[in-house]
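Undergrad: Sharing a structure below in structure tokens format, with a few things to ask.
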Amino acid sequence: MQATEQLQALLLGKFYGSFSVATAFGLDFDGFEFAAQDVQSPDEEFIKSSFVNSYAPAANTATPELMGKSAILAACLGAAVSGVQVYPDASIILQFANGVQLKFPTDTPVVDWHWAITEDGRDPYLGCIIACFAPGEIQGSTANNSFKADGFAAA
């Protein structure tokens, strides 16, 4: 199965019931988690600036870029994925039934993976269903290699 077909089979018609915002973004679907180093939307700057202008304490946050991203992720809670596009650089665009588009890019600097679908939100190097570890490269079904602290795989 091609990467696009696998992603469509996993995501189309599904929705996430919770999300997390930290050093990466996590979307908790029923039975798996979609995690990404970055999420982008054409609406995020408008939402961020509107929020900062209407809620003064928001101007003093350490990470103002997360406000727009968080609001857009919240807007998609419970909205079914209606479209999945995969680009040659392995970036993904998800369209939702509510009209929102989210892009999960692969041009994030200084990361060792860009996006991944795992069973439980773990580090994709410890096992994943499908993931992008480098721009243009999508890998499926990476087994749990149980890395030891010294960096060598367990026997």
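Each chain of the structure tokens is named A, B, ... in the order shown, its residues numbered from 1; ligands are numbered from 1 in display order.
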Show me, as a list in words, the residues that have an atom within 6 Å of Trp115 (chain A) when counting only C-alpha atoms, minus same-chain residues fewer than 5 positions from it.

TA: Ala35, Ala36, Ala131 and Cys132 of chain A

Undergrad: List the neighbours of Tyr87 (chain A) out to 10 Å using only C-alpha atoms; skip same-chain residues closer than 4 positions along the sequence, and give me the result as a list in words.

TA: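 Final neighbour list, sorted by chain and number: Thr4, Ser91, Ile92, Ile93, Pro105, Thr106, Pro135 and Gly136 of chain A.
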
Undergrad: Take the residues from that selection and write them out as a short mmCIF file (atom, residue, chain, number, x, y, z; two decimals), in the first residue's frame, keeping N, CA, C and O atoms.

TA:
```cif
data_model
loop_
_atom_site.label_atom_id
_atom_site.label_comp_id
_atom_site.auth_asym_id
_atom_site.auth_seq_id
_atom_site.Cartn_x
_atom_site.Cartn_y
_atom_site.Cartn_z
N THR A 4 0.16 7.43 0.65
CA THR A 4 -1.08 8.21 0.56
C THR A 4 -2.28 7.33 0.87
O THR A 4 -3.17 7.72 1.63
N SER A 91 5.10 16.44 3.11
CA SER A 91 4.17 17.27 3.86
C SER A 91 2.76 16.73 3.64
O SER A 91 2.46 16.17 2.58
N ILE A 92 1.92 16.91 4.64
CA ILE A 92 0.54 16.43 4.56
C ILE A 92 -0.40 17.61 4.76
O ILE A 92 -0.15 18.47 5.61
N ILE A 93 -1.48 17.63 4.00
CA ILE A 93 -2.58 18.56 4.27
C ILE A 93 -3.80 17.72 4.57
O ILE A 93 -4.17 16.84 3.80
N PRO A 105 4.02 20.30 7.84
CA PRO A 105 5.16 20.45 6.93
C PRO A 105 6.35 19.56 7.31
O PRO A 105 6.41 19.00 8.40
N THR A 106 7.26 19.48 6.37
CA THR A 106 8.49 18.71 6.61
C THR A 106 9.73 19.60 6.51
O THR A 106 10.83 19.10 6.30
N PRO A 135 12.42 14.93 5.06
CA PRO A 135 11.60 15.41 3.94
C PRO A 135 11.67 14.45 2.74
O PRO A 135 12.74 13.98 2.37
N GLY A 136 10.50 14.15 2.21
CA GLY A 136 10.40 13.28 1.04
C GLY A 136 10.46 11.80 1.34
O GLY A 136 10.36 10.98 0.43
#
```

Undergrad: Between A:Thr61, A:Ser54, A:Ser70, A:Gln8, which has the minimum distance to Ala24 (chain A) (counting only C-alpha atoms)?

TA: A:Ser70

Undergrad: Restricting the calculation to only C-alpha atoms: of A:Ala97, A:Ile130, A:Leu27, A:Ala71, which residue gets closest to Trp113 (chain A)?

TA: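 Selected residue with least distance to Trp113 (chain A): A:Ile130.
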
Undergrad: Point out the residue among A:Asp38, A:Gln85, A:Arg122, A:Asn98 with the least atom-to-atom distance to Phe25 (chain A), counting only C-alpha atoms.

TA: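 Smallest distance to Phe25 (chain A) is found for A:Asp38.
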
Undergrad: What residues in region 10-151 of chain A get the DSSP label strand (DSSP E)? Please answer as a PyMOL selection string.

TA: chain A and resi 16-21+25-29+32-36+81-86+92-96+101-104+115-118+128-134+137-142

Undergrad: What are the DSSP alpha helix (DSSP H) residues of chain A, as number ranges by chain?

TA: A: 3-11, 44-54, 65-75

Undergrad: Which residue, A:Pro42, A:Glu137, A:Gly13, A:Ala58, has the smallest gap to Val86 (chain A) when you use only C-alpha atoms?

TA: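 Closest candidate: A:Glu137.
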
Undergrad: Can you measure CA of Gly121 (chain A) to CA of Glu44 (chain A) for me? One decimal in Å is fine.

TA: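 Spanning CA of Gly121 (chain A) to CA of Glu44 (chain A) is a straight-line distance of 24.5 Å.
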
Undergrad: Could you give me, as a PDB file with all heavy atoms, in the first residue's frame, the residues within 8 Å of Val81 (chain A), counting only C-alpha atoms and dropping anything in the same chain fewer than 3 positions from it?

TA:
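Output saved as result.pdb:
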```pdb
ATOM      1  N   LEU A  11      -7.057   7.917   8.211  1.00  0.00           N
ATOM      2  CA  LEU A  11      -7.578   9.210   8.630  1.00  0.00           C
ATOM      3  C   LEU A  11      -8.949   9.600   8.072  1.00  0.00           C
ATOM      4  O   LEU A  11      -9.716  10.278   8.773  1.00  0.00           O
ATOM      5  CB  LEU A  11      -6.571  10.300   8.268  1.00  0.00           C
ATOM      6  CG  LEU A  11      -5.223  10.220   8.983  1.00  0.00           C
ATOM      7  CD1 LEU A  11      -4.195  11.124   8.323  1.00  0.00           C
ATOM      8  CD2 LEU A  11      -5.388  10.557  10.451  1.00  0.00           C
ATOM      9  N   LEU A  12      -9.267   9.214   6.848  1.00  0.00           N
ATOM     10  CA  LEU A  12     -10.522   9.677   6.244  1.00  0.00           C
ATOM     11  C   LEU A  12     -11.737   9.221   7.054  1.00  0.00           C
ATOM     12  O   LEU A  12     -11.855   8.058   7.427  1.00  0.00           O
ATOM     13  CB  LEU A  12     -10.657   9.188   4.798  1.00  0.00           C
ATOM     14  CG  LEU A  12      -9.847   9.950   3.767  1.00  0.00           C
ATOM     15  CD1 LEU A  12      -9.990   9.304   2.387  1.00  0.00           C
ATOM     16  CD2 LEU A  12     -10.251  11.419   3.711  1.00  0.00           C
ATOM     17  N   GLY A  13     -12.605  10.173   7.334  1.00  0.00           N
ATOM     18  CA  GLY A  13     -13.812   9.888   8.092  1.00  0.00           C
ATOM     19  C   GLY A  13     -13.610   9.827   9.595  1.00  0.00           C
ATOM     20  O   GLY A  13     -14.560   9.714  10.354  1.00  0.00           O
ATOM     21  N   LYS A  14     -12.376   9.940  10.045  1.00  0.00           N
ATOM     22  CA  LYS A  14     -12.060   9.869  11.472  1.00  0.00           C
ATOM     23  C   LYS A  14     -11.935  11.288  12.042  1.00  0.00           C
ATOM     24  O   LYS A  14     -11.738  12.243  11.306  1.00  0.00           O
ATOM     25  CB  LYS A  14     -10.746   9.126  11.704  1.00  0.00           C
ATOM     26  CG  LYS A  14     -10.654   7.761  11.035  1.00  0.00           C
ATOM     27  CD  LYS A  14     -11.313   6.708  11.848  1.00  0.00           C
ATOM     28  CE  LYS A  14     -11.273   5.314  11.266  1.00  0.00           C
ATOM     29  NZ  LYS A  14     -10.227   4.905  10.411  1.00  0.00           N
ATOM     30  N   PHE A  15     -12.011  11.390  13.350  1.00  0.00           N
ATOM     31  CA  PHE A  15     -11.843  12.671  14.015  1.00  0.00           C
ATOM     32  C   PHE A  15     -11.024  12.476  15.278  1.00  0.00           C
ATOM     33  O   PHE A  15     -10.934  11.368  15.801  1.00  0.00           O
ATOM     34  CB  PHE A  15     -13.194  13.315  14.363  1.00  0.00           C
ATOM     35  CG  PHE A  15     -14.013  12.501  15.323  1.00  0.00           C
ATOM     36  CD1 PHE A  15     -13.895  12.686  16.695  1.00  0.00           C
ATOM     37  CD2 PHE A  15     -14.900  11.547  14.858  1.00  0.00           C
ATOM     38  CE1 PHE A  15     -14.644  11.931  17.577  1.00  0.00           C
ATOM     39  CE2 PHE A  15     -15.657  10.784  15.738  1.00  0.00           C
ATOM     40  CZ  PHE A  15     -15.525  10.979  17.099  1.00  0.00           C
ATOM     41  N   VAL A  84      -7.151  14.011   2.467  1.00  0.00           N
ATOM     42  CA  VAL A  84      -5.750  13.820   2.828  1.00  0.00           C
ATOM     43  C   VAL A  84      -4.923  13.998   1.565  1.00  0.00           C
ATOM     44  O   VAL A  84      -5.145  13.305   0.577  1.00  0.00           O
ATOM     45  CB  VAL A  84      -5.498  12.407   3.404  1.00  0.00           C
ATOM     46  CG1 VAL A  84      -4.013  12.210   3.714  1.00  0.00           C
ATOM     47  CG2 VAL A  84      -6.351  12.154   4.638  1.00  0.00           C
ATOM     48  N   LEU A  94      -4.393  18.006   5.740  1.00  0.00           N
ATOM     49  CA  LEU A  94      -5.656  17.380   6.110  1.00  0.00           C
ATOM     50  C   LEU A  94      -6.759  18.416   5.950  1.00  0.00           C
ATOM     51  O   LEU A  94      -6.629  19.543   6.427  1.00  0.00           O
ATOM     52  CB  LEU A  94      -5.633  16.895   7.557  1.00  0.00           C
ATOM     53  CG  LEU A  94      -4.598  15.836   7.935  1.00  0.00           C
ATOM     54  CD1 LEU A  94      -4.761  15.454   9.409  1.00  0.00           C
ATOM     55  CD2 LEU A  94      -4.723  14.613   7.053  1.00  0.00           C
ATOM     56  N   GLN A  95      -7.828  18.023   5.262  1.00  0.00           N
ATOM     57  CA  GLN A  95      -9.024  18.851   5.184  1.00  0.00           C
ATOM     58  C   GLN A  95     -10.037  18.245   6.145  1.00  0.00           C
ATOM     59  O   GLN A  95     -10.144  17.019   6.236  1.00  0.00           O
ATOM     60  CB  GLN A  95      -9.620  18.858   3.769  1.00  0.00           C
ATOM     61  CG  GLN A  95      -8.795  19.597   2.742  1.00  0.00           C
ATOM     62  CD  GLN A  95      -7.903  18.660   1.947  1.00  0.00           C
ATOM     63  OE1 GLN A  95      -8.121  17.470   1.903  1.00  0.00           O
ATOM     64  NE2 GLN A  95      -6.897  19.211   1.313  1.00  0.00           N
ATOM     65  N   PHE A  96     -10.784  19.116   6.824  1.00  0.00           N
ATOM     66  CA  PHE A  96     -11.787  18.677   7.785  1.00  0.00           C
ATOM     67  C   PHE A  96     -13.175  19.053   7.294  1.00  0.00           C
ATOM     68  O   PHE A  96     -13.342  19.989   6.501  1.00  0.00           O
ATOM     69  CB  PHE A  96     -11.507  19.293   9.160  1.00  0.00           C
ATOM     70  CG  PHE A  96     -10.284  18.714   9.810  1.00  0.00           C
ATOM     71  CD1 PHE A  96      -9.027  19.211   9.519  1.00  0.00           C
ATOM     72  CD2 PHE A  96     -10.388  17.650  10.693  1.00  0.00           C
ATOM     73  CE1 PHE A  96      -7.893  18.666  10.099  1.00  0.00           C
ATOM     74  CE2 PHE A  96      -9.261  17.090  11.278  1.00  0.00           C
ATOM     75  CZ  PHE A  96      -8.008  17.600  10.974  1.00  0.00           C
ATOM     76  N   ALA A  97     -14.164  18.343   7.796  1.00  0.00           N
ATOM     77  CA  ALA A  97     -15.549  18.549   7.389  1.00  0.00           C
ATOM     78  C   ALA A  97     -16.036  19.968   7.682  1.00  0.00           C
ATOM     79  O   ALA A  97     -16.960  20.448   7.028  1.00  0.00           O
ATOM     80  CB  ALA A  97     -16.452  17.519   8.067  1.00  0.00           C
TER      81      ALA A  97
END
```

Undergrad: At what distance in Å, to one decimal, does CA of Gly127 (chain A) lie from CA of Ser141 (chain A)?

TA: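 Rounded to one decimal, the two atoms are 7.3 Å apart.
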
Undergrad: Looking at only C-alpha atoms, which of A:Tyr125, A:Phe133, A:Phe29, A:Phe19 is the one that sits closest to Ile72 (chain A)?

TA: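 Closest to Ile72 (chain A) of all the choices is A:Phe19.
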
Undergrad: Restricting the calculation to only C-alpha atoms, which member of A:Leu102, A:Cys128, A:Asp30, A:Gln139 is positioned closest to Gly78 (chain A)?

TA: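 So, comparing all the options, the nearest one is A:Asp30.
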